[in-house]
Structure formats: C-alpha cells, structure tokens
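So this block is input04.cif, mmCIF, C-alpha atoms:
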data_final
loop_
_atom_site.label_atom_id
_atom_site.label_comp_id
_atom_site.auth_asym_id
_atom_site.auth_seq_id
_atom_site.Cartn_x
_atom_site.Cartn_y
_atom_site.Cartn_z
CA GLU Y 641 122.54 20.43 113.00
CA THR Y 642 121.77 17.15 111.25
CA TYR Y 643 118.13 17.40 112.30
CA ASN Y 644 117.86 20.94 110.91
CA ASN Y 645 119.35 19.91 107.60
CA LEU Y 646 117.20 16.81 107.15
CA SER Y 647 113.88 18.09 108.51
CA THR Y 648 111.32 20.28 106.79
CA SER Y 649 112.28 23.92 106.20
CA PHE Y 650 109.97 26.91 105.87
CA LYS Y 651 110.53 26.88 102.10
CA ASP Y 652 109.23 23.32 101.99
CA LEU Y 653 105.98 24.37 103.69
CA VAL Y 654 105.16 27.78 102.23
CA GLU Y 655 105.38 29.09 98.69
CA LYS Y 656 104.73 32.75 99.47
CA VAL Y 657 102.90 35.10 101.80
CA GLU Y 658 100.70 37.91 100.54
CA ILE Y 659 99.15 40.75 102.53
CA GLU Y 660 96.73 43.56 101.83
CA THR Y 661 97.77 46.52 103.95
CA GLU Y 662 95.94 49.82 104.39
CA ILE Y 663 97.73 52.79 102.85
CA SER Y 664 96.27 55.55 105.00
CA ASP Y 665 94.69 55.99 108.38
CA ARG Y 666 90.95 55.16 108.55
CA SER Y 667 90.77 54.28 104.88
CA ASP Y 668 89.55 51.16 103.03
CA SER Y 669 92.12 51.55 100.26
CA TYR Y 670 94.98 49.06 100.37
CA ASP Y 671 98.20 47.90 98.76
CA LYS Y 672 98.98 44.28 97.98
CA ILE Y 673 102.45 43.16 99.06
CA VAL Y 674 103.90 39.78 98.16
CA PHE Y 675 106.66 38.26 100.28
CA GLY Y 676 108.82 35.29 99.40
CA ASN Y 677 109.55 32.41 101.74
CA THR Y 678 112.92 33.46 103.11
CA ASP Y 679 114.11 34.76 106.46
CA ASP Y 680 114.93 38.17 104.98
CA ASP Y 681 111.42 38.69 103.61
CA LEU Y 682 109.41 37.62 106.65
CA LEU Y 683 111.71 38.03 109.66
CA LEU Y 684 111.21 34.35 110.49
CA GLU Y 685 111.78 33.08 114.02
CA ARG Y 686 111.87 29.55 115.35
CA CYS Y 687 109.16 28.71 117.89
CA ASP Y 688 109.69 24.99 118.39
CA TYR Y 689 107.47 23.07 120.78
CA TYR Y 690 107.65 19.64 122.37
CA ASN Y 691 104.92 18.17 120.14
CA ASN Y 692 106.07 20.14 117.07
CA LEU Y 693 109.85 19.93 116.97
CA LYS Y 694 110.15 22.49 114.20
CA CYS Y 695 107.91 25.57 114.08
CA PHE Y 696 108.29 28.91 112.34
CA CYS Y 697 106.92 32.27 113.42
CA ILE Y 698 106.07 34.71 110.61
CA ASN Y 699 106.72 38.35 111.48
CA ILE Y 700 105.52 40.86 108.90
CA PRO Y 701 107.99 43.80 108.78
CA PRO Y 702 106.38 46.69 110.75
CA HIS Y 703 107.31 49.36 108.17
CA GLN Y 704 105.15 47.49 105.64
CA THR Y 705 102.04 47.65 107.80
CA SER Y 706 101.96 51.15 109.28
CA TYR Y 707 98.15 51.39 109.10
CA GLY Y 708 97.27 47.75 109.69
CA ILE Y 709 96.54 44.62 107.68
CA GLN Y 710 93.20 43.88 106.06
CA GLN Y 711 94.01 40.44 104.73
CA LEU Y 712 96.74 37.80 104.94
CA ASN Y 713 97.12 34.97 102.42
CA ILE Y 714 99.49 32.04 102.95
CA TYR Y 715 100.14 29.85 99.89
CA MET Y 716 100.91 26.37 101.17
CA LYS Y 717 102.99 23.54 99.70
CA LYS Y 718 102.33 20.89 102.35
CA ALA Y 719 99.69 20.02 104.90
CA SER Y 720 100.56 21.85 108.10
CA GLU Y 721 99.32 23.19 111.40
CA ILE Y 722 98.86 26.96 111.48
CA VAL Y 723 98.40 28.87 114.71
CA VAL Y 724 97.34 32.50 114.98
CA VAL Y 725 98.69 33.89 118.23
CA ALA Y 726 98.98 37.23 119.99
CA PRO Y 727 102.48 38.46 120.83
CA GLY Y 728 103.87 36.53 123.78
CA ASN Y 729 101.09 33.92 123.84
CA TYR Y 730 102.36 30.99 121.77
CA TYR Y 731 103.44 28.88 124.76
CA SER Y 732 100.10 29.16 126.53
CA PHE Y 733 96.73 27.44 126.53
CA THR Y 734 95.22 30.20 124.36
CA ARG Y 735 97.13 28.75 121.41
CA LYS Y 736 94.59 25.91 121.27
CA HIS Y 737 91.75 28.36 120.58
CA THR Y 738 93.29 29.56 117.31
CA LEU Y 739 94.87 26.38 115.95
CA LEU Y 740 93.89 25.27 112.45
CA GLU Y 741 94.99 22.20 110.50
CA TYR Y 742 95.49 22.78 106.79
CA THR Y 743 94.81 20.08 104.20
CA LEU Y 744 96.12 20.35 100.64
CA GLY Y 745 93.58 20.90 97.88
CA TYR Y 746 91.43 23.38 99.78
CA ARG Y 747 91.13 27.10 100.24
CA TYR Y 748 90.33 28.14 103.80
CA ILE Y 749 88.94 31.56 104.64
CA TYR Y 750 88.98 32.67 108.27
CA VAL Y 751 87.82 35.86 109.96
CA LEU Y 752 90.08 37.14 112.71
CA GLN Y 753 88.98 39.62 115.36
CA HIS Y 754 91.22 40.86 118.12
CA SER Y 755 90.84 43.02 121.18
CA ILE Y 756 93.24 44.45 123.76
CA SER Y 757 92.68 44.44 127.51
CA LYS Y 758 94.56 46.65 129.96
CA VAL Y 759 94.32 45.97 133.68
CA LEU Y 760 95.68 47.69 136.78
CA PRO Y 761 98.40 46.16 139.01
CA ILE Y 762 96.06 45.53 141.94
CA GLN Y 763 96.63 43.04 144.76
CA PRO Y 764 96.42 40.17 145.57
CA SER Y 765 97.73 39.07 142.15
CA PRO Y 766 99.14 42.21 140.52
CA CYS Y 767 100.05 42.29 136.86
CA SER Y 768 103.43 43.41 135.53
CA ALA Y 769 103.78 46.07 132.83
CA GLY Y 770 107.29 44.76 132.18
CA MET Y 771 105.77 41.42 131.12
CA ASP Y 772 103.63 42.92 128.32
CA TRP Y 773 104.11 40.82 125.14
CA LYS Y 774 107.04 38.97 126.80
CA GLN Y 775 105.34 35.98 128.45
CA ASP Y 776 106.89 33.48 126.02
CA SER Y 777 110.46 34.63 126.67
CA CYS Y 778 109.94 34.39 130.43
CA LYS Y 779 108.49 30.88 130.22
CA LEU Y 780 111.20 29.58 127.88
CA LYS Y 781 113.97 31.07 130.01
CA TYR Y 782 112.54 29.55 133.18
CA ILE Y 783 112.22 26.06 131.65
CA ASN Y 784 115.53 26.13 129.80
CA ASP Y 785 117.38 27.27 132.94
CA LYS Y 786 115.80 24.42 134.89
CA VAL Y 787 116.98 21.80 132.41
CA LYS Y 788 120.38 23.32 131.76
CA ASN Y 789 121.27 23.94 135.40
CA LEU Y 790 120.50 20.33 136.31
CA LEU Y 791 121.84 18.51 133.24
CA ASN Y 792 124.06 21.05 131.43
CA CYS Y 793 122.13 20.45 128.20
CA THR Y 794 118.67 21.12 126.81
CA THR Y 795 115.81 19.47 124.90
CA PRO Y 796 115.71 19.53 121.06
CA TRP Y 797 112.77 21.94 120.97
CA LEU Y 798 114.48 24.40 123.34
CA LEU Y 799 117.77 24.39 121.42
CA ALA Y 800 117.00 27.36 119.13
CA PHE Y 801 116.03 29.50 122.13
CA ALA Y 802 118.92 28.32 124.30
CA ARG Y 803 121.47 29.21 121.65
CA LEU Y 804 120.31 32.81 121.57
CA SER Y 805 122.13 33.31 124.89
CA ASP Y 806 124.66 30.47 124.69
CA PRO Y 807 125.63 29.32 121.17
CA GLU Y 808 127.49 26.33 122.65
CA THR Y 809 124.38 24.73 124.14
CA ARG Y 810 123.96 21.06 123.22
CA ILE Y 811 121.02 18.66 123.13
CA CYS Y 812 120.93 16.17 125.98
CA SER Y 813 122.36 12.74 125.21
CA PRO Y 814 120.19 9.59 125.14
CA ASN Y 815 121.25 8.86 128.72
CA THR Y 816 119.70 12.09 130.04
CA SER Y 817 117.03 12.85 127.45
CA VAL Y 818 114.25 11.12 129.42
CA LYS Y 819 115.09 13.11 132.54
CA ALA Y 820 115.29 16.34 130.50
CA ASN Y 821 111.83 15.68 129.06
CA LYS Y 822 110.45 15.01 132.53
CA ILE Y 823 111.86 18.29 133.85
CA TYR Y 824 110.34 20.13 130.91
CA LEU Y 825 106.87 18.65 131.36
CA GLU Y 826 106.89 19.38 135.09
CA ASN Y 827 107.85 23.03 134.59
CA ARG Y 828 106.29 24.08 131.29
CA TYR Y 829 103.69 26.19 133.10
CA PRO Y 830 105.70 28.48 135.44
CA PRO Y 831 103.94 29.84 138.55
CA ARG Y 832 102.65 33.41 138.50
CA ASN Y 833 105.33 34.60 140.92
CA ILE Y 834 107.94 33.65 138.28
CA CYS Y 835 106.18 34.90 135.16
CA GLN Y 836 103.55 37.43 136.22
CA ARG Y 837 100.51 38.04 134.13
CA PRO Y 838 100.93 41.05 131.82
CA CYS Y 839 99.01 44.28 132.34
CA THR Y 840 98.33 44.52 128.60
CA ASP Y 841 97.18 41.48 126.68
CA MET Y 842 95.58 40.67 123.34
CA ASN Y 843 92.63 38.32 122.85
CA LEU Y 844 91.95 36.66 119.50
CA ARG Y 845 88.76 35.20 118.05
CA LEU Y 846 89.12 33.07 114.92
CA ALA Y 847 86.12 31.84 112.92
CA LEU Y 848 86.04 29.64 109.80
CA GLN Y 849 84.05 31.36 107.07
CA SER Y 850 84.41 28.83 104.24
CA ARG Y 851 86.35 25.78 103.06
CA THR Y 852 86.40 25.31 99.30
CA ARG Y 853 87.77 22.42 97.26
CA ARG Y 854 90.29 23.56 94.63
CA GLU Y 855 90.95 21.61 91.45
CA ASP Y 856 94.07 23.62 90.62
CA THR Y 857 97.32 23.61 92.56
CA THR Y 858 96.48 26.75 94.56
CA ASN Y 859 96.47 25.90 98.25
CA THR Y 860 95.61 28.96 100.33
CA VAL Y 861 94.82 29.95 103.88
CA GLN Y 862 93.21 33.40 103.95
CA LEU Y 863 92.81 35.47 107.11
CA THR Y 864 90.52 38.49 106.92
CA LEU Y 865 91.14 40.89 109.80
CA TYR Y 866 88.80 43.38 111.39
CA THR Y 867 90.42 46.80 111.12
CA ASP Y 868 88.76 48.12 114.28
CA ILE Y 869 90.23 46.98 117.59
CA GLU Y 870 88.24 46.89 120.80
CA VAL Y 871 90.21 48.10 123.82
CA TYR Y 872 89.07 47.22 127.34
CA ARG Y 873 90.68 49.32 130.04
CA GLU Y 874 90.44 48.77 133.79
CA VAL Y 875 90.22 52.00 135.78
CA MET Y 876 89.94 52.89 139.45
CA PRO Y 877 86.38 54.07 140.17
CA LYS Y 878 87.62 56.43 142.91
CA THR Y 879 91.01 57.86 143.78
CA PHE Y 880 91.89 59.12 147.26
CA LEU Y 881 91.73 62.77 146.17
CA THR Y 882 88.38 62.19 144.53
CA LEU Y 883 87.13 60.57 147.71
CA VAL Y 884 88.25 63.52 149.89
CA ALA Y 885 86.68 66.00 147.50
CA GLU Y 886 83.37 64.17 147.41
CA VAL Y 887 83.24 63.70 151.21
CA GLY Y 888 83.94 67.41 151.66
CA GLY Y 889 81.28 68.25 149.14
CA TYR Y 890 78.66 66.09 150.83
CA LEU Y 891 79.50 67.50 154.26
CA GLY Y 892 79.14 71.01 152.95
CA LEU Y 893 75.84 70.10 151.35
CA THR Y 894 74.35 68.43 154.44
CA LEU Y 895 75.75 70.83 157.07
CA GLY Y 896 75.36 73.92 155.00
CA VAL Y 897 78.89 75.10 155.83
CA SER Y 898 81.40 76.48 153.33
CA LEU Y 899 84.56 78.63 153.53
CA LEU Y 900 82.47 81.76 152.96
CA ASP Y 901 80.22 80.74 155.83
CA LEU Y 902 83.25 80.25 158.11
CA LYS Y 903 84.42 83.75 157.25
CA LEU Y 904 81.02 85.10 158.25
CA VAL Y 905 81.09 83.14 161.56
CA PHE Y 906 84.58 84.41 162.51
CA SER Y 907 83.57 87.92 161.52
CA SER Y 908 80.53 87.73 163.80
CA PHE Y 909 82.63 86.46 166.73
CA TRP Y 910 85.13 89.28 166.16
CA THR Y 911 82.38 91.92 166.11
CA PHE Y 912 80.72 90.47 169.20
CA GLY Y 913 84.00 90.26 171.14
CA LYS Y 914 84.94 93.80 170.17
CA ALA Y 915 81.55 95.11 171.34
CA ARG Y 916 81.92 93.43 174.75
CA LEU Y 917 85.36 94.98 175.24
CA GLU Y 918 83.96 98.43 174.60
#
Represent the supplied structure as structure tokens.
Amino acid sequence: ETYNNLSTSFKDLVEKVEIETEISDRSDSYDKIVFGNTDDDLLLERCDYYNNLKCFCINIPPHQTSYGIQQLNIYMKKASEIVVVAPGNYYSFTRKHTLLEYTLGYRYIYVLQHSISKVLPIQPSPCSAGMDWKQDSCKLKYINDKVKNLLNCTTPWLLAFARLSDPETRICSPNTSVKANKIYLENRYPPRNICQRPCTDMNLRLALQSRTRREDTTNTVQLTLYTDIEVYREVMPKTFLTLVAEVGGYLGLTLGVSLLDLKLVFSSFWTFGKARLE
C-alpha cells in the first residue's frame, strides 16, 4: 500500500477527459461531455505492467456513448505514455502499434480507425467464442497462478489483478522477487491451448495528424474516431446441404433425369407390364 500512496495517481496525470458523442443513429450531430479525473467518472481500472508498474485504463460509461464517440480529448498534467487498445488486447504485442508518448507543451491530434474481424472455429487451430474480448483476463490468470502456486505471492504489477480474487495476496519478498520475475517473463505469453485466440477481434490503426506547440498551459491529446466500422466476417463457402443440392442439380442437368421423369419411366413400365399380362 505504501507504493500506491507514494506513486503517481490518475489525478496527478490527467486533469479531465472530454468526449464528443453522437446523439442519434447515423447522424453527425453530437453532445460534448466532460468527465473529471476520478474513478466514479471514468470507471477506472488498473492495468499494471512489468515495465510500467502503475497504469490506468479509462472506460467511458456505456450509457454515455449509445451511438458512438466522434472525438476524445485527454487534458494532461504530466508527460505520460498513452496506449489505445482494443478490449482484451492490452497484454499483447498489438499494444506496441498504438503506443504514443506525450510530451508537455504540445497538442497531439491522432486519427483512429478500427475494424472488427470474425472468424470461424475451424481446425487445426480453432478460435474460441468464449475468449472474445477476454484475452487479457486469461493471460493474467495464467501468469498469476503460475507465480502464486510456486511462491505463494505475486509480482508488484500483478497485485491489483491478484487481489480481485484473493484480497490477501502479498507481493513477493526480496528473497523470492527475482524468481517471481523470472517465472513471469517465461510465461507472459501463454500458449494457444491455454488462451485460445478469440473468434471476434478488433484491429486498430492509429495515425498522427499533427503535433502543435502550445504557449499556454493546455496540454491535450485528441483522438478523432471514424464513425464507420469495417466488419470482416469469415464464412463457409459451401455447407454439406448446399453441396448435396448442387451435386443433385448437376446430375439432373447432365443426365436429364428429374422426379417427373422418374414418374414417367415407372408409368411406362407399369403400362408395358400390364399389357404383357393381358
């Protein structure tokens, strides 16, 4: 707890967060909403990492953004690292694609575009629908369980997560901290059979539009979002029923036989057989 009390808090980093949210479906009109820098305003979560021992995840309340966000402005107090991540993708390599370092005295404007991909659970490496947006939780649980089961403690950056399930979890002592760190580094990328790839995933593309020097005390990071979302969906080109129907259709086309023709054939055999009996 001493570290939490002495280290930087979210209030020390951010003055306020401001969003422009659409007020109706398929409309360019928007409302401007200003949030403070408290847990109640932004539904803050800790997302600590081994090279950033104290990180904060901003979650905009869903009821405030029913029709989507056009723009997000973060008013900064200190130089910081800001990462734009899709749900469930903070503890992955994709985080490095959308990492930006903020320097005081500037206004940064970024354009953010995102798309969603949906794939089918096909062998040999099937996806898991139950893993959608939950990759981070699976990875953290796997690593934390590894450390805790072996040492009965955890690393400083896993403490916030570990205490969600066990409030009594403690940080490893100096005697075991090196071993705990080694276990973490060896297991921070769980194999696919432990944390399967999700069937639904989001891809982000972040581009710097401008960086402007500010003479006043306004230090802002602005994210402008595309309101249209591209969705890529994987589909089976043929199902078994479609295959049977098409094979039957081609046979009928090439052989010239249909159910009506079969009726005519049986009728002819019946007439011929009846005539022979007479």
Report task. Determine the residue membership of the PyMOL selection byres ((chain Y and resi 689) around 12) for the file above and supply it as a list in words. Result -> Arg686, Cys687, Asp688, Tyr690, Asn691, Asn692, Leu693, Lys694, Cys695, Phe696, Cys697, Tyr730, Tyr731, Ser732, Arg735, Asp776, Leu780, Thr795, Pro796, Trp797, Leu798, Leu799, Ala800, Phe801, Asn821, Tyr824, Leu825 and Arg828 of chain Y
Which segment 782-888 of chain Y residues have any atom within 12 Å of an atom of segment 647-656 of chain Y, and for each, what is the nearest pair of atoms with distance in Å to one decimal, counting all atoms listed in the file, rows sorted by chain and number, as CSV?
residue,atom,partner,partner_atom,distance
Y:Thr857,CA,Y:Glu655,CA,11.5
Y:Thr858,CA,Y:Glu655,CA,10.1
Y:Asn859,CA,Y:Glu655,CA,9.5
Y:Thr860,CA,Y:Val654,CA,9.8
Y:Val861,CA,Y:Val654,CA,10.7
Report task. Find the distance between atom CA of Arg803 of chain Y and atom CA of Asp679 of chain Y and write it in Å to one decimal. Result -> 17.8 Å
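Rounded to one decimal, atom CA of Lys717 of chain Y and atom CA of Leu744 of chain Y lie 7.6 Å from each other.
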Report task. For the structure shown, which residues end up in the PyMOL selection byres ((chain Y and resi 661) around 6)? Put them as a ChimeraX atom specification, please? Result -> /Y:660,662,670-671,705,708-710
Requested in this report: Quote the spacing between atom CA of Ile762 of chain Y and atom CA of Arg837 of chain Y in Å to one decimal place.
Outcome: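 These atoms are spaced 11.7 Å apart.
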Requested in this report: Could you state which residues are captured by the PyMOL selection byres ((chain Y and resi 791) around 12) in this file, as a list in words?
Outcome: Asn784, Asp785, Lys786, Val787, Lys788, Asn789, Leu790, Asn792, Cys793, Thr794, Thr795, Thr809, Arg810, Ile811, Cys812, Ser813, Asn815, Thr816, Ser817, Val818, Lys819, Ala820, Asn821, Lys822, Ile823 and Tyr824 of chain Y
Mind dumping the selected residues with C-alpha atoms as an mmCIF file, in the frame of the given file?
data_model
loop_
_atom_site.group_PDB
_atom_site.id
_atom_site.type_symbol
_atom_site.label_atom_id
_atom_site.label_comp_id
_atom_site.auth_asym_id
_atom_site.auth_seq_id
_atom_site.Cartn_x
_atom_site.Cartn_y
_atom_site.Cartn_z
ATOM 1 C CA ASN Y 784 115.530 26.130 129.800
ATOM 2 C CA ASP Y 785 117.380 27.270 132.940
ATOM 3 C CA LYS Y 786 115.800 24.420 134.890
ATOM 4 C CA VAL Y 787 116.980 21.800 132.410
ATOM 5 C CA LYS Y 788 120.380 23.320 131.760
ATOM 6 C CA ASN Y 789 121.270 23.940 135.400
ATOM 7 C CA LEU Y 790 120.500 20.330 136.310
ATOM 8 C CA ASN Y 792 124.060 21.050 131.430
ATOM 9 C CA CYS Y 793 122.130 20.450 128.200
ATOM 10 C CA THR Y 794 118.670 21.120 126.810
ATOM 11 C CA THR Y 795 115.810 19.470 124.900
ATOM 12 C CA THR Y 809 124.380 24.730 124.140
ATOM 13 C CA ARG Y 810 123.960 21.060 123.220
ATOM 14 C CA ILE Y 811 121.020 18.660 123.130
ATOM 15 C CA CYS Y 812 120.930 16.170 125.980
ATOM 16 C CA SER Y 813 122.360 12.740 125.210
ATOM 17 C CA ASN Y 815 121.250 8.860 128.720
ATOM 18 C CA THR Y 816 119.700 12.090 130.040
ATOM 19 C CA SER Y 817 117.030 12.850 127.450
ATOM 20 C CA VAL Y 818 114.250 11.120 129.420
ATOM 21 C CA LYS Y 819 115.090 13.110 132.540
ATOM 22 C CA ALA Y 820 115.290 16.340 130.500
ATOM 23 C CA ASN Y 821 111.830 15.680 129.060
ATOM 24 C CA LYS Y 822 110.450 15.010 132.530
ATOM 25 C CA ILE Y 823 111.860 18.290 133.850
ATOM 26 C CA TYR Y 824 110.340 20.130 130.910
#
Query - From Y:Val875, Y:Ile783, Y:Val725, Y:Leu760, residue lying nearest Tyr829 of chain Y [only C-alpha atoms] - result: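 Between Y:Val875, Y:Ile783, Y:Val725, Y:Leu760, the residue approaching Tyr829 of chain Y most closely is Y:Ile783.
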Report the centre and edge lengths, in Å to one decimal, of an axis-aligned box enclosing every atom of segment 671-681 of chain Y listed in the file, padded by 5 Å on each side, as lines of an AutoDock Vina configuration file.
center_x = 106.6
center_y = 40.2
center_z = 102.2
size_x = 26.7
size_y = 25.5
size_z = 18.5
Query raised in the report: Of the candidates Y:Tyr872, Y:Asn699, Y:Gln763, Y:Asp665, which one gets nearest to Asp680 of chain Y if we count all atoms listed in the file?
Result: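 That would be Y:Asn699, the residue with the smallest distance to Asp680 of chain Y.
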